[in-house]
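Okay, structure_10.txt is below, compact mmCIF, C-alpha atoms:
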# COMPACT_ATOMS: atom_id res chain seq x y z
CA MET A 1 -47.15 118.33 7.72
CA SER A 2 -49.34 115.25 8.17
CA ARG A 3 -47.85 113.75 5.01
CA TRP A 4 -44.34 113.84 6.55
CA VAL A 5 -45.61 112.34 9.81
CA ILE A 6 -47.25 109.45 7.92
CA ARG A 7 -44.13 108.94 5.84
CA GLY A 8 -41.99 108.82 8.99
CA ILE A 9 -44.23 106.23 10.59
CA ARG A 10 -44.10 104.05 7.48
CA THR A 11 -40.35 104.40 7.08
CA GLY A 12 -39.45 103.90 10.72
CA ILE A 13 -36.17 104.82 12.38
CA LYS A 14 -33.18 103.60 10.44
CA THR A 15 -30.13 102.88 12.59
CA THR A 16 -26.78 101.83 11.18
CA GLY A 17 -25.93 98.16 11.54
CA TYR A 18 -22.34 98.97 12.54
CA PRO A 19 -20.48 97.36 14.27
CA ARG A 20 -22.44 94.17 13.60
CA ASP A 21 -22.51 94.88 9.85
CA PRO A 22 -20.34 97.10 7.63
CA GLU A 23 -21.84 100.49 6.76
CA HIS A 24 -21.93 101.28 3.04
CA ALA A 25 -24.28 104.28 2.99
CA PRO A 26 -22.93 107.18 0.91
CA GLY A 27 -21.53 110.14 2.81
CA VAL A 28 -20.72 108.37 6.08
CA THR A 29 -16.98 109.05 5.72
CA PRO A 30 -14.67 111.52 3.93
CA GLY A 31 -11.94 108.85 3.70
CA LEU A 32 -8.18 109.18 4.13
CA PRO A 33 -5.15 109.15 1.79
CA VAL A 34 -3.12 105.97 1.33
CA GLY A 35 0.66 105.73 1.18
CA ASP A 36 2.16 104.92 -2.21
CA VAL A 37 5.38 104.74 -4.21
CA LEU A 38 5.57 107.86 -6.39
CA GLY A 39 9.26 107.99 -7.26
CA ALA A 40 10.60 111.40 -8.22
CA GLU A 41 7.21 113.08 -7.64
CA ALA A 42 7.10 112.07 -3.97
CA ALA A 43 9.14 114.98 -2.57
CA ALA A 44 7.04 117.65 -4.31
CA LEU A 45 3.81 116.03 -3.16
CA ALA A 46 5.02 115.80 0.44
CA GLU A 47 5.80 119.54 0.42
CA ARG A 48 2.19 120.33 -0.46
CA CYS A 49 0.91 119.02 2.87
CA PRO A 50 0.27 121.96 5.25
CA THR A 51 0.56 119.86 8.44
CA GLY A 52 3.44 117.53 7.59
CA ALA A 53 1.18 114.46 7.37
CA LEU A 54 3.08 113.24 4.29
CA ASP A 55 6.64 111.98 4.62
CA GLN A 56 8.65 110.65 1.73
CA LYS A 57 11.68 108.41 1.68
CA ASP A 58 13.22 106.89 -1.42
CA GLY A 59 10.15 107.80 -3.45
CA TYR A 60 7.64 106.29 -0.99
CA ILE A 61 4.98 108.52 0.56
CA ALA A 62 4.01 107.55 4.12
CA VAL A 63 0.92 109.13 5.68
CA ASP A 64 0.70 110.08 9.35
CA TYR A 65 -3.05 109.96 9.92
CA ARG A 66 -2.66 111.89 13.19
CA ARG A 67 -1.82 114.98 11.15
CA CYS A 68 -4.12 114.65 8.12
CA VAL A 69 -6.71 117.46 7.92
CA HIS A 70 -8.51 116.34 4.74
CA CYS A 71 -7.26 119.29 2.70
CA TYR A 72 -7.05 117.06 -0.42
CA ARG A 73 -3.86 118.83 -1.60
CA CYS A 74 -2.35 115.38 -2.19
CA VAL A 75 -5.24 114.45 -4.48
CA ARG A 76 -6.35 117.57 -6.30
CA GLY A 77 -4.29 119.64 -8.69
CA VAL A 78 -1.37 117.20 -8.88
CA PRO A 79 -0.24 115.08 -11.85
CA ARG A 80 -0.12 111.88 -9.80
CA PRO A 81 -2.47 111.93 -6.78
CA LEU A 82 -2.37 109.62 -3.82
CA ALA A 83 -4.97 106.89 -3.62
CA TRP A 84 -7.92 107.55 -1.29
CA GLN A 85 -9.64 104.97 0.89
CA ALA A 86 -13.21 105.32 2.12
CA GLY A 87 -13.10 103.40 5.40
CA TYR A 88 -14.03 104.64 8.85
CA GLU A 89 -12.36 102.27 11.32
CA TRP A 90 -9.50 104.65 12.00
CA ALA A 91 -8.88 104.49 15.76
CA GLY A 92 -5.48 103.38 17.00
CA LEU A 93 -3.69 103.00 20.30
CA SER A 94 -1.52 105.88 21.44
CA GLY A 95 0.88 103.47 23.13
CA GLU A 96 0.83 100.36 25.23
CA PRO A 97 -2.55 99.99 27.00
CA ARG A 98 -2.41 100.86 30.69
CA ALA A 99 -3.04 97.54 32.41
CA GLN A 100 -4.69 99.13 35.43
CA ASP A 101 -7.10 101.05 33.22
CA ARG A 102 -8.50 98.28 31.05
CA LEU A 103 -12.24 98.56 30.70
CA GLY A 104 -13.51 95.01 30.85
CA GLY A 105 -16.19 92.97 32.51
CA PRO A 106 -19.06 95.17 33.75
CA PHE A 107 -17.74 98.19 31.82
CA ARG A 108 -18.04 96.63 28.38
CA ARG A 109 -21.76 97.41 28.00
CA SER A 110 -22.16 100.39 30.30
CA ILE A 111 -19.56 103.07 29.66
CA HIS A 112 -20.11 106.71 30.55
CA ILE A 113 -18.31 109.34 28.51
CA LEU A 114 -17.38 112.88 29.46
CA VAL A 115 -16.85 115.07 26.38
CA VAL A 116 -14.51 118.04 26.80
CA ASP A 117 -14.04 120.84 24.26
CA ALA A 118 -10.40 121.85 24.61
CA GLY A 119 -10.43 124.61 22.00
CA ASP A 120 -12.24 122.81 19.19
CA CYS A 121 -13.38 124.83 16.17
CA GLY A 122 -16.75 123.08 16.37
CA ALA A 123 -16.24 120.51 13.61
CA CYS A 124 -15.17 117.51 15.71
CA LEU A 125 -17.59 118.42 18.48
CA ASN A 126 -20.46 118.43 15.99
CA GLU A 127 -19.51 114.93 14.81
CA VAL A 128 -19.45 113.71 18.41
CA LYS A 129 -22.95 115.09 18.89
CA GLN A 130 -24.19 112.93 15.99
CA LEU A 131 -23.55 109.78 18.03
CA ASN A 132 -26.71 110.49 20.02
CA ASN A 133 -28.99 110.76 17.00
CA ALA A 134 -31.23 107.96 15.78
CA TYR A 135 -28.94 106.87 12.95
CA TYR A 136 -25.86 106.15 15.08
CA ASN A 137 -27.65 105.62 18.43
CA MET A 138 -24.63 104.86 20.59
CA HIS A 139 -26.92 103.95 23.53
CA ARG A 140 -27.65 100.60 21.86
CA LEU A 141 -23.95 99.79 22.34
CA GLY A 142 -23.86 100.79 25.99
CA PHE A 143 -22.28 104.24 25.58
CA PHE A 144 -23.76 107.16 27.50
CA ILE A 145 -22.79 110.82 27.92
CA THR A 146 -22.29 112.10 31.45
CA PRO A 147 -21.80 115.74 32.56
CA THR A 148 -19.54 114.93 35.51
CA PRO A 149 -16.06 113.40 35.77
CA ARG A 150 -17.12 111.55 38.94
CA HIS A 151 -19.30 109.24 36.80
CA ALA A 152 -17.06 109.08 33.72
CA ASP A 153 -15.20 105.99 32.51
CA VAL A 154 -13.92 107.63 29.32
CA LEU A 155 -12.67 111.18 28.81
CA LEU A 156 -13.23 112.15 25.17
CA VAL A 157 -11.32 115.30 24.19
CA VAL A 158 -11.67 117.39 21.03
CA GLY A 159 -9.54 120.39 20.11
CA PRO A 160 -5.79 121.16 20.23
CA VAL A 161 -5.87 121.94 23.99
CA THR A 162 -5.40 125.66 24.35
CA ASP A 163 -3.21 126.96 27.17
CA HIS A 164 -6.11 127.88 29.43
CA MET A 165 -7.47 124.31 29.22
CA HIS A 166 -4.33 122.56 30.56
CA ALA A 167 -5.21 122.86 34.24
CA ALA A 168 -8.90 122.14 33.62
CA LEU A 169 -8.13 118.91 31.73
CA LYS A 170 -5.80 117.69 34.46
CA LYS A 171 -8.39 118.38 37.15
CA ILE A 172 -11.08 116.56 35.18
CA HIS A 173 -8.82 113.55 34.61
CA ASP A 174 -7.80 113.42 38.27
CA ALA A 175 -11.46 113.53 39.35
CA MET A 176 -12.38 110.46 37.27
CA PRO A 177 -12.49 107.11 39.06
CA THR A 178 -10.35 104.23 37.85
CA PRO A 179 -10.33 102.36 35.57
CA LYS A 180 -10.48 105.18 33.03
CA ARG A 181 -9.46 105.83 29.45
CA VAL A 182 -8.64 108.95 27.46
CA VAL A 183 -9.79 109.14 23.83
CA ALA A 184 -8.44 111.99 21.69
CA VAL A 185 -10.67 112.78 18.71
CA GLY A 186 -9.61 114.70 15.62
CA ALA A 187 -6.30 115.82 14.11
CA CYS A 188 -6.13 118.84 16.42
CA ALA A 189 -6.43 116.67 19.53
CA LEU A 190 -3.84 114.23 18.16
CA SER A 191 -1.18 116.58 16.79
CA GLY A 192 -2.40 120.17 17.09
CA GLY A 193 -3.49 120.17 13.44
CA VAL A 194 -3.12 123.52 11.71
CA PHE A 195 -2.93 125.20 15.13
CA ALA A 196 0.07 123.18 16.36
CA GLU A 197 2.70 124.99 18.41
CA SER A 198 1.06 128.36 18.08
CA PHE A 199 1.00 131.09 20.71
CA VAL A 200 -2.06 129.48 22.35
CA CYS A 201 -1.55 125.71 22.08
CA GLY A 202 0.94 122.91 21.64
CA ARG A 203 0.57 119.56 19.90
CA GLY A 204 -2.59 118.06 21.32
CA VAL A 205 -3.88 116.13 24.28
CA SER A 206 -0.83 113.88 24.78
CA GLU A 207 1.19 116.87 25.98
CA VAL A 208 -1.21 117.20 28.92
CA LEU A 209 -2.68 113.74 29.60
CA PRO A 210 -1.79 110.10 28.87
CA VAL A 211 -3.88 109.25 25.79
CA ASP A 212 -5.08 105.68 25.27
CA VAL A 213 -6.97 105.82 21.96
CA GLU A 214 -6.52 108.24 19.07
CA VAL A 215 -9.16 108.87 16.39
CA PRO A 216 -7.71 110.74 13.38
CA GLY A 217 -9.64 112.91 10.94
CA ASN A 218 -10.52 116.55 10.57
CA PRO A 219 -13.21 115.99 11.56
CA PRO A 220 -13.54 112.22 11.90
CA PRO A 221 -16.99 110.92 10.95
CA PRO A 222 -19.27 109.55 13.69
CA LEU A 223 -18.48 105.95 12.75
CA ALA A 224 -14.76 106.58 13.28
CA ILE A 225 -15.47 108.04 16.72
CA LEU A 226 -17.72 105.07 17.49
CA HIS A 227 -14.89 102.77 16.47
CA GLY A 228 -12.60 104.65 18.88
CA LEU A 229 -15.02 104.07 21.74
CA LEU A 230 -15.27 100.38 20.86
CA VAL A 231 -11.46 100.16 20.86
CA ALA A 232 -11.37 101.87 24.26
CA ALA A 233 -13.90 99.34 25.55
CA GLY A 234 -11.91 96.41 24.18
CA ARG A 235 -14.66 95.41 21.77
CA LYS A 236 -12.86 96.25 18.51
CA PRO A 237 -9.20 95.96 17.49
CA ALA A 238 -7.15 99.10 16.93
CA VAL A 239 -5.65 99.93 13.54
CA PRO A 240 -2.27 101.47 12.53
CA LEU A 241 -2.11 105.26 12.65
CA THR A 242 0.38 105.60 9.79
CA SER A 243 0.40 104.04 6.36
CA ALA A 244 3.98 102.88 7.05
CA GLU A 245 2.55 100.52 9.67
CA GLY A 246 0.44 98.79 7.07
CA GLY A 247 -2.26 101.31 6.13
CA MET A 248 -5.95 101.16 7.01
Whole structure, structure tokens version:
Amino acid sequence: MSRWVIRGIRTGIKTTGYPRDPEHAPGVTPGLPVGDVLGAEAAALAERCPTGALDQKDGYIAVDYRRCVHCYRCVRGVPRPLAWQAGYEWAGLSGEPRAQDRLGGPFRRSIHILVVDAGDCGACLNEVKQLNNAYYNMHRLGFFITPTPRHADVLLVVGPVTDHMHAALKKIHDAMPTPKRVVAVGACALSGGVFAESFVCGRGVSEVLPVDVEVPGNPPPPLAILHGLLVAAGRKPAVPLTSAEGGM
């Protein structure tokens, strides 16, 4: 036991340099598929996607990152797989930013986040929890978790939003002071994922609340969620959410 304590003291706490520096450590992201021209093979590849994330037109495969669940069916077991990119800055804007809800000035370095599980399987929620550990350490960037909507600047929602969470989400959002932002995290929160339009849920958070920032992935890695929070705070630019918009 003492050997590990001594080793820890010598090594110190390693925290990622992101967003100041790019993060290249192995395993920090599962990556996402990239749109490509596949010709006659495009239609068959698009049909393999269980959530409709792949759309083909005239032999070109476009990827809707809101729907991608990292099943790798477009990469494995096919004669011509899609390319795969290993980035993590995935967060995009759901629509035009609400002018009255822009988080600027005093909010840029002191933002309190209320995390709500709206029927999550546990995967996205576990990635959100990693933001508090020593490696990601979101406190250094001015992000803090709060248990009450009265103190929250950002509502971060994971899960497809089951029917019994509709009223609860609306009450939480209404109780938050302005300016406020809503960040939907994970494919289920963005599009319903594999649970979309089932007997217990619809197609994600946007059916219940106005969403400002969307973070795709199933689950998205902590750095992607961190990027989403930086986008919400106006400290990082958003990226396209489909490969047809220019890729990632």
Would you mind listing what lies within 6 Å of segment 119-129 of chain A as a PyMOL selection string, with only C-alpha atoms counted and same-chain residues fewer than 6 positions away left out?
-> chain A and resi 158-159+161-162+219+222
Point out the residue among A:Ala168, A:Ala187, A:Leu209, A:Leu114 with the least atom-to-atom distance to Ala152 of chain A, counting all atoms listed in the file.
->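 The answer is A:Leu114, which sits nearest to Ala152 of chain A.
Residue neighbourhood of Asp174 of chain A, excluding near-sequence residues (fewer than 2 positions): Pro149, Arg150, Ala152, Asp153, Leu155, Ala167, Ala168, Leu169, Lys170, Lys171, Ile172, Met176, Pro177, Thr178, Pro179, Lys180, Arg181, Val182, Leu209 and Pro210 of chain A, at 12 Å, using only C-alpha atoms.
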With C-alpha atoms retained, export the selected residues as a PDB file, in the frame of the given file.
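Resulting contents of selection-v4.pdb:
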ATOM      1  CA  PRO A 149     -16.060 113.400  35.770  1.00  0.00           C
ATOM      2  CA  ARG A 150     -17.120 111.550  38.940  1.00  0.00           C
ATOM      3  CA  ALA A 152     -17.060 109.080  33.720  1.00  0.00           C
ATOM      4  CA  ASP A 153     -15.200 105.990  32.510  1.00  0.00           C
ATOM      5  CA  LEU A 155     -12.670 111.180  28.810  1.00  0.00           C
ATOM      6  CA  ALA A 167      -5.210 122.860  34.240  1.00  0.00           C
ATOM      7  CA  ALA A 168      -8.900 122.140  33.620  1.00  0.00           C
ATOM      8  CA  LEU A 169      -8.130 118.910  31.730  1.00  0.00           C
ATOM      9  CA  LYS A 170      -5.800 117.690  34.460  1.00  0.00           C
ATOM     10  CA  LYS A 171      -8.390 118.380  37.150  1.00  0.00           C
ATOM     11  CA  ILE A 172     -11.080 116.560  35.180  1.00  0.00           C
ATOM     12  CA  MET A 176     -12.380 110.460  37.270  1.00  0.00           C
ATOM     13  CA  PRO A 177     -12.490 107.110  39.060  1.00  0.00           C
ATOM     14  CA  THR A 178     -10.350 104.230  37.850  1.00  0.00           C
ATOM     15  CA  PRO A 179     -10.330 102.360  35.570  1.00  0.00           C
ATOM     16  CA  LYS A 180     -10.480 105.180  33.030  1.00  0.00           C
ATOM     17  CA  ARG A 181      -9.460 105.830  29.450  1.00  0.00           C
ATOM     18  CA  VAL A 182      -8.640 108.950  27.460  1.00  0.00           C
ATOM     19  CA  LEU A 209      -2.680 113.740  29.600  1.00  0.00           C
ATOM     20  CA  PRO A 210      -1.790 110.100  28.870  1.00  0.00           C
TER      21      PRO A 210
END
In Å, rounded to a single decimal, give me how far atom CA of His70 of chain A is from atom CA of Val211 of chain A.
->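 Taking atom CA of Val211 of chain A as the start and atom CA of His70 of chain A as the end point, the length is 22.7 Å.
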Just give me the gap between atom CA of Asp55 of chain A and atom CA of Gly39 of chain A in Å, one decimal is fine.
->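 Pair atom CA of Asp55 of chain A / atom CA of Gly39 of chain A returns 12.8 Å.
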Would you mind reading off the distance between atom CA of Cys68 of chain A and atom CA of Gly217 of chain A, one decimal, in Å?
-> 6.4 Å
Between A:Ala44, A:Val213, A:Val116, A:Ala184, single out the one closest to Leu230 of chain A, counting all atoms listed in the file.
->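 With all atoms listed in the file as the atom set, the closest residue is A:Val213.
Restricting the calculation to all atoms listed in the file, the smallest distance between Ile13 of chain A and any of A:Tyr135, A:Pro220, A:Glu214, A:Gly204 is found for A:Tyr135.
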Do a neighbour search on His139 of chain A at 12 Å with all atoms listed in the file, toss out local chain neighbours closer than 3 positions, and write the hits as a ChimeraX atom specification.
-> /A:15,109-113,131-136,142-145,226
Go ahead and write the selection's residues with C-alpha atoms as a short mmCIF file (atom, residue, chain, number, x, y, z; two decimals), in the frame of the given file.
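Listing of part_37.cif after writing:
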data_model
loop_
_atom_site.label_atom_id
_atom_site.label_comp_id
_atom_site.auth_asym_id
_atom_site.auth_seq_id
_atom_site.Cartn_x
_atom_site.Cartn_y
_atom_site.Cartn_z
CA THR A 15 -30.13 102.88 12.59
CA ARG A 109 -21.76 97.41 28.00
CA SER A 110 -22.16 100.39 30.30
CA ILE A 111 -19.56 103.07 29.66
CA HIS A 112 -20.11 106.71 30.55
CA ILE A 113 -18.31 109.34 28.51
CA LEU A 131 -23.55 109.78 18.03
CA ASN A 132 -26.71 110.49 20.02
CA ASN A 133 -28.99 110.76 17.00
CA ALA A 134 -31.23 107.96 15.78
CA TYR A 135 -28.94 106.87 12.95
CA TYR A 136 -25.86 106.15 15.08
CA GLY A 142 -23.86 100.79 25.99
CA PHE A 143 -22.28 104.24 25.58
CA PHE A 144 -23.76 107.16 27.50
CA ILE A 145 -22.79 110.82 27.92
CA LEU A 226 -17.72 105.07 17.49
#
Starting from the point (-11.7, 110.5, 20.8), work out which residues of protein, DNA or RNA have an atom no more than 6 Å away when counting all atoms listed in the file; state them as an MDAnalysis selection string.
-> chainID A and resid 156:157 183:185 214:215
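Proximity to Thr242 of chain A was assessed for A:Ala86, A:Ala91, A:Ala175, A:Val75 counting only C-alpha atoms; the smallest distance is recorded for A:Ala91.
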10 Å contact set for Leu38 of chain A, only C-alpha atoms, chain neighbours under 4 positions out, as an MDAnalysis selection string = chainID A and resid 42:43 45 56 58:61 80:82
